[in-house]
Each structure stands twice: as structure tokens, then as C-alpha cells.
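**Q** Can you read through this structure? Questions will come right after.
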Amino acid sequence: MQIRLEPQGKQLALSGRRRVGDVLTALGIVAGTVLVIRDDELLTDDELVEDHETLEVRAVVSGGSR
Amino acid sequence: MKCRRCTSKATVQVRSHNAAYCKPCFVFVFQRGVERSIERERMFTRDERVLVAVSGGKDSLALWDVLAELGYATEGLYLGLGIGDYSGASHEKTEAFARARGLPLRVVRLEEEDAGLGVPEVASFTRRQPCAACGTMKRHYFDRAASDGGFAVLATGHNLDDEAARLLGNVLHWQLPYLAKQQPVLTPTHARFVRKVRPLYRTSEFESATYAFLRGIDYVVAECPNAHGATQLVYKSMLDRLEAVMPGTKLTFVTEFLKRAQPLFATQSDGALGECARCGMPAAGEICGFCRLVSEVDRRRAQAVAHS
């Protein structure tokens, strides 16, 4: 599957059919810090993603005050 | 995964509440949660004019959307900070949001104001961290716009993650005066201040991003270019790791602080405020923090010219 990380705009690829939670683990992303989007729909951790599909993984963090 | 309210297929998982929701139920629960925070903390009523500080990001636009949907009397305030393309995109998205919903928006471009200074210029001349300069400047222009516009309340989109990170920073450094002021509602301490409220203080970044996405809000996803390496982001990252292992940690940290500890710090007040000799806004000393910043820029700029 193809994965686009936002806001970095970075493209990644993972092989095989996987659950969203496993995709995030493989990418080293902490749960609850991103939105996982497929075809303009949000996905929960238990959703299966097929090898040919594309995901957007969008960080939710903002801010920067000291 | 099934929706907790209607048992249809869930699209959003909210770990901190051990719950999942479908789109309509999540939107309903989010809006109801914000309304309950407003009512519980007596932030404002539907008879009061609320100025909403909007940056083009997910939190402030989600907040404005909720308040407008709930029937509050809102106007938006966008500050053009002068941060290159980032400010350009933020302004564009904020204008588009307001236009699409027919909501009134005030725009203040810092470089066109009397001081004529944007955030990057101030940060470079004073050698301060951009976020610190930005915070001082934003507070000044927010306060002035709210006061000049006759608003009862200024609402900002600070969320649970912001509050938890701020609390962690304040506790790590035992910043007693800051702990005294860390509340979702700040009562004005001067006639030129208005009530300041944070209706999203119990709402996580994940929830506000989800709400913005589900409501079709086109927000700025990019991080501010000046935020890289900011201390608050380090605290947020630490708290995210705790939250992943112990869901609900951030909410408990903030709400229990407000309930049990904050009242103990509340006696640490700044004392009476006077007026800034330059701009007339409230100040603890002869001039306010913003005018001190502007003076510093003027001085350093003059030194730079003298040395060139």
C-alpha cells in the first residue's frame, strides 16, 4: 500500500494487507496522534487496508508556544 | 467497531473515552461536549458577543464552527503574523471558511499596524524564540481588538493537549504565577481586558482534527515553520506516549489540576494593573510587554544601522 504522511508530504510504501493499527505500529506512530484517511473517509484501528490501496496519515499536532 | 450511540459502523475511535462513533454521532457528541464546557464554566451566554481568535488551523476553525452551529453571536479575528507563505495560506483558508458560512471576520495585519512589525522581524531583531515573540504580539492585538470592538468575550482554540503541555511545563519549572492563571476562563483584571475563554480545554487535538475533517473544514495542516523544536511540542510528544499507554491521562491531568490544585495557586496574583504609557493597554509596569518588545526592536535596529 502507498502511504502519504502529512504535513511532511512524505511518501512511503508497505506491502501486504494490514489493519490500520498494524500500519501505524510499522510506521512507529503513536496511536491517537494522527488521522488515517482512505478515499476521504476516516478509518479506525481495526479496519483492513488492502495492498493496492492508498492512505493519508495526517498528524494532528499543532502549536509551538514556549 | 460500532458506534456507542447508535451501534452503526464507527468511523472514529476516541481512546480517552473508550468509545467509538459514526460520523453524525461524533459531530453531535463533540458539539454537545463544547456546549457543556461553556455552560459548566459559565464562559458566555447567547446574549454576549464573542470574538473568536482564528488562525486557519483545525482548533480555531472547529471552535468557530461549533459556536456558530450552537447559535452563539460570534465574529472571527484573524491576525496576519507576516510568516511568509504560512501566513498567506492561513489567511486564505480563514477567509474561505468565513465566506462559506457567512460569518463576519476581522483581519489585522501586524505589519500594517502602528508598530509595523511582523513576527519574523521581531524574533530576528530581539533574538527571542519566534514563539515567545509571537505569543506577546498575539496577546496584545487580541486584547486590543476585543476591547476596541466592545466584545464581552475573547475565545481561543486552545485544546486539551495545549493545556496538558502547558501544565506540564508550568509544573516542571514550578511557575507559580502561570499555574495561578491556568484556567479555562480568565476574568478581566482591567477595564480594557475582556473575559478570555478556552471552550476546547477538554477536547483533544485528535478530536478537534477529526471534527474539522468530518465537517469538511479546509484547515492548514502544515505546521508553523517557526514551531520546529519548540518546547511545547516536546511536552506534547511525552504526553502522547503516556496517553497511548494510559488513555485518559491528559484529561485527568488537566481536569484534576483545575479541581484540586489550581485553587491553591490562585492566590499568586500579579497585583493591580495600570495603563501602558505608550499604547494605553493594561501593563504591570510603566510600559506593557508588547511595547517593551517594540522598543527593543527599535533599539537593535538603530544599532544595526549604526554599525553598517
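Identifiers for the C-alpha cells are assigned positionally: chains receive A, B, ... in sequence, residues are indexed from 1 per chain, and ligands are indexed from 1 in the order shown.
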May I have the residues of chain A within 9 Å of chain B, counting only C-alpha atoms, written as JSON, numbers by chain?
**A** {"A": [6, 7, 8, 30, 31, 32, 33, 34, 35, 41, 42, 43, 44, 45, 46, 47, 58, 59, 60, 61, 62, 63, 64, 65, 66]}
**Q** Could you pull out the residues in region 12-190 of chain B that DSSP calls strand (DSSP E) from the backbone, as a list in words?
**A**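 Of region 12-190 of chain B, the ones in strand (DSSP E) are Val12, Gln13, Val14, Ala19, Ala20, Tyr21, Arg49, Val50, Leu51, Val52, Ala53, Ala73, Thr74, Glu75, Gly76, Leu77, Tyr78, Leu79, Gly80, Leu105, Arg106, Val107, Val108, Arg109, Val153, Leu154, Ala155, Val185 and Leu186 of chain B.
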**Q** Write out as number ranges by chain which residues come within 9 Å of region 139-147 of chain B when counting only C-alpha atoms, dropping same-chain ones fewer than 6 positions away.
**A** B: 50-51, 53, 77, 79, 106, 108, 110, 153-154, 191-194, 281, 288-290
**Q** Please save N, CA and C atoms of the selected residues as a compact mmCIF listing (two decimals), in the first residue's frame.
**A**
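That gives us selection.txt:
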```
# COMPACT_ATOMS: atom_id res chain seq x y z
N VAL B 50 -19.12 37.36 21.10
CA VAL B 50 -17.89 36.59 21.31
C VAL B 50 -16.94 36.81 20.12
N LEU B 51 -15.73 37.24 20.42
CA LEU B 51 -14.70 37.37 19.39
C LEU B 51 -13.89 36.08 19.40
N ALA B 53 -10.71 34.06 18.14
CA ALA B 53 -9.40 34.20 17.51
C ALA B 53 -9.18 33.00 16.59
N LEU B 77 -11.56 36.78 14.43
CA LEU B 77 -10.43 37.73 14.36
C LEU B 77 -9.23 36.95 13.85
N LEU B 79 -5.25 37.29 12.77
CA LEU B 79 -4.05 38.12 12.82
C LEU B 79 -3.08 37.66 11.73
N ARG B 106 -12.84 39.79 11.15
CA ARG B 106 -11.95 40.95 11.22
C ARG B 106 -10.53 40.49 10.92
N VAL B 108 -6.49 41.67 11.04
CA VAL B 108 -5.46 42.63 11.48
C VAL B 108 -4.12 42.12 10.96
N LEU B 110 -0.31 42.50 11.13
CA LEU B 110 0.62 43.12 12.08
C LEU B 110 1.54 44.13 11.40
N VAL B 153 -16.34 38.83 25.30
CA VAL B 153 -15.52 37.64 25.49
C VAL B 153 -14.56 37.45 24.31
N LEU B 154 -13.38 36.93 24.62
CA LEU B 154 -12.44 36.50 23.58
C LEU B 154 -12.26 34.99 23.74
N ALA B 191 -10.12 47.21 33.08
CA ALA B 191 -11.29 47.61 32.28
C ALA B 191 -11.08 47.38 30.78
N ARG B 192 -9.82 47.38 30.33
CA ARG B 192 -9.57 47.18 28.90
C ARG B 192 -9.35 45.72 28.53
N PHE B 193 -9.46 44.83 29.49
CA PHE B 193 -9.42 43.40 29.19
C PHE B 193 -10.85 42.88 29.11
N VAL B 194 -11.05 41.86 28.28
CA VAL B 194 -12.35 41.18 28.28
C VAL B 194 -12.13 39.77 28.82
N MET B 281 -2.76 50.19 26.80
CA MET B 281 -3.29 48.88 27.19
C MET B 281 -2.79 48.55 28.61
N CYS B 288 3.87 48.18 28.65
CA CYS B 288 3.44 46.77 28.58
C CYS B 288 4.50 45.91 27.88
N GLY B 289 4.32 44.62 27.95
CA GLY B 289 5.27 43.67 27.36
C GLY B 289 5.41 43.87 25.86
N PHE B 290 4.30 44.20 25.20
CA PHE B 290 4.35 44.40 23.75
C PHE B 290 5.19 45.63 23.42
```
**Q** Would you mind writing down, as a PyMOL selection string, each residue of region 31-278 of chain B that DSSP on the backbone assigns to helix (DSSP H, G or I)?
**A** chain B and resi 31-40+58-69+84-101+110-112+119-126+130-148+160-172+176-181+205-214+231-245+249-265
**Q** Tell me which protein, DNA and RNA residues are within 8 Å of region 183-189 of chain B, counting only C-alpha atoms, leaving out same-chain ones fewer than 6 positions away, and put them as a ChimeraX atom specification.
**A** /B:41,43,195-199,201,258,262,272-273
**Q** Excluding region 81-86 of chain B and its own-chain neighbours fewer than 2 positions away, which residues fall within 7 Å of it when counting only C-alpha atoms? Please give them as a list in words.
**A**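 Here the answer would be Leu79, Gly88, Ala89, Ser90, Arg109, Leu110, Glu111, Gly118, Val119, Pro120 and Cys224 of chain B.
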**Q** Go ahead and save the residues from that selection, with N, CA and C atoms, as a PDB file, in the first residue's frame.
**A**
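Once everything was written out, this is part-v5.pdb:
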```pdb
ATOM      1  N   LEU B  79      -5.251  37.292  12.771  1.00  0.00           N
ATOM      2  CA  LEU B  79      -4.047  38.125  12.818  1.00  0.00           C
ATOM      3  C   LEU B  79      -3.075  37.664  11.733  1.00  0.00           C
ATOM      4  N   GLY B  88       0.137  33.400   4.499  1.00  0.00           N
ATOM      5  CA  GLY B  88      -0.703  33.559   3.301  1.00  0.00           C
ATOM      6  C   GLY B  88      -1.759  32.461   3.226  1.00  0.00           C
ATOM      7  N   ALA B  89      -1.328  31.209   3.424  1.00  0.00           N
ATOM      8  CA  ALA B  89      -2.261  30.075   3.353  1.00  0.00           C
ATOM      9  C   ALA B  89      -3.259  30.131   4.494  1.00  0.00           C
ATOM     10  N   SER B  90      -2.806  30.515   5.682  1.00  0.00           N
ATOM     11  CA  SER B  90      -3.694  30.583   6.851  1.00  0.00           C
ATOM     12  C   SER B  90      -4.794  31.611   6.622  1.00  0.00           C
ATOM     13  N   ARG B 109      -3.487  42.910  10.086  1.00  0.00           N
ATOM     14  CA  ARG B 109      -2.157  42.517   9.595  1.00  0.00           C
ATOM     15  C   ARG B 109      -1.128  43.258  10.423  1.00  0.00           C
ATOM     16  N   LEU B 110      -0.310  42.505  11.130  1.00  0.00           N
ATOM     17  CA  LEU B 110       0.621  43.121  12.076  1.00  0.00           C
ATOM     18  C   LEU B 110       1.542  44.132  11.397  1.00  0.00           C
ATOM     19  N   GLU B 111       1.958  43.820  10.187  1.00  0.00           N
ATOM     20  CA  GLU B 111       2.895  44.720   9.504  1.00  0.00           C
ATOM     21  C   GLU B 111       2.248  46.040   9.100  1.00  0.00           C
ATOM     22  N   GLY B 118       6.125  42.413  11.832  1.00  0.00           N
ATOM     23  CA  GLY B 118       5.640  41.041  11.801  1.00  0.00           C
ATOM     24  C   GLY B 118       6.455  40.198  12.767  1.00  0.00           C
ATOM     25  N   VAL B 119       6.011  38.969  12.995  1.00  0.00           N
ATOM     26  CA  VAL B 119       6.683  38.097  13.967  1.00  0.00           C
ATOM     27  C   VAL B 119       8.141  37.788  13.584  1.00  0.00           C
ATOM     28  N   PRO B 120       8.449  37.452  12.318  1.00  0.00           N
ATOM     29  CA  PRO B 120       9.840  37.097  11.999  1.00  0.00           C
ATOM     30  C   PRO B 120      10.816  38.244  12.265  1.00  0.00           C
ATOM     31  N   CYS B 224       3.448  25.470  11.685  1.00  0.00           N
ATOM     32  CA  CYS B 224       4.117  26.768  11.552  1.00  0.00           C
ATOM     33  C   CYS B 224       5.622  26.519  11.408  1.00  0.00           C
TER      34      CYS B 224
END
```
**Q** Could you state the separation of CA of Glu75 (chain B) and CA of Pro104 (chain B) in Å, given to one decimal place?
**A**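 Atom-to-atom, CA of Glu75 (chain B) to CA of Pro104 (chain B), that is 5.2 Å.
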**Q** For Tyr211 (chain B), which residue among B:Ser60, B:Thr45, B:Ser37, B:Ser55 is the nearest when counting only C-alpha atoms?
**A**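 When distances to Tyr211 (chain B) are compared using only C-alpha atoms, the smallest one comes from B:Ser60.
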**Q** Using only C-alpha atoms, which of the listed residues (A:Thr25, A:Val36, A:Val20, A:Ile3) sits closest to Leu48 (chain A)?
**A** A:Val20
**Q** What is the CA of Gly271 (chain B)-CA of Ala284 (chain B) distance in Å, reported with one decimal?
**A**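 So the answer is 7.9 Å.
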**Q** Grab the CA of Val254 (chain B) to CA of Tyr78 (chain B) distance for me, in Å with one decimal place.
**A** 27.8 Å
**Q** Near Arg5 (chain B), counting only C-alpha atoms, which residues have an atom at most 12 Å away, once you skip same-chain residues fewer than 3 positions from it, shown as a list in words?
**A**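 Near Arg5 (chain B), the qualifying residues are Lys2, Ser8, Lys9, Ala10, Ala19, Ala20, Tyr21, Cys22, Lys23, Pro24, Cys25, Phe26, Val27, Phe28 and Val29 of chain B.
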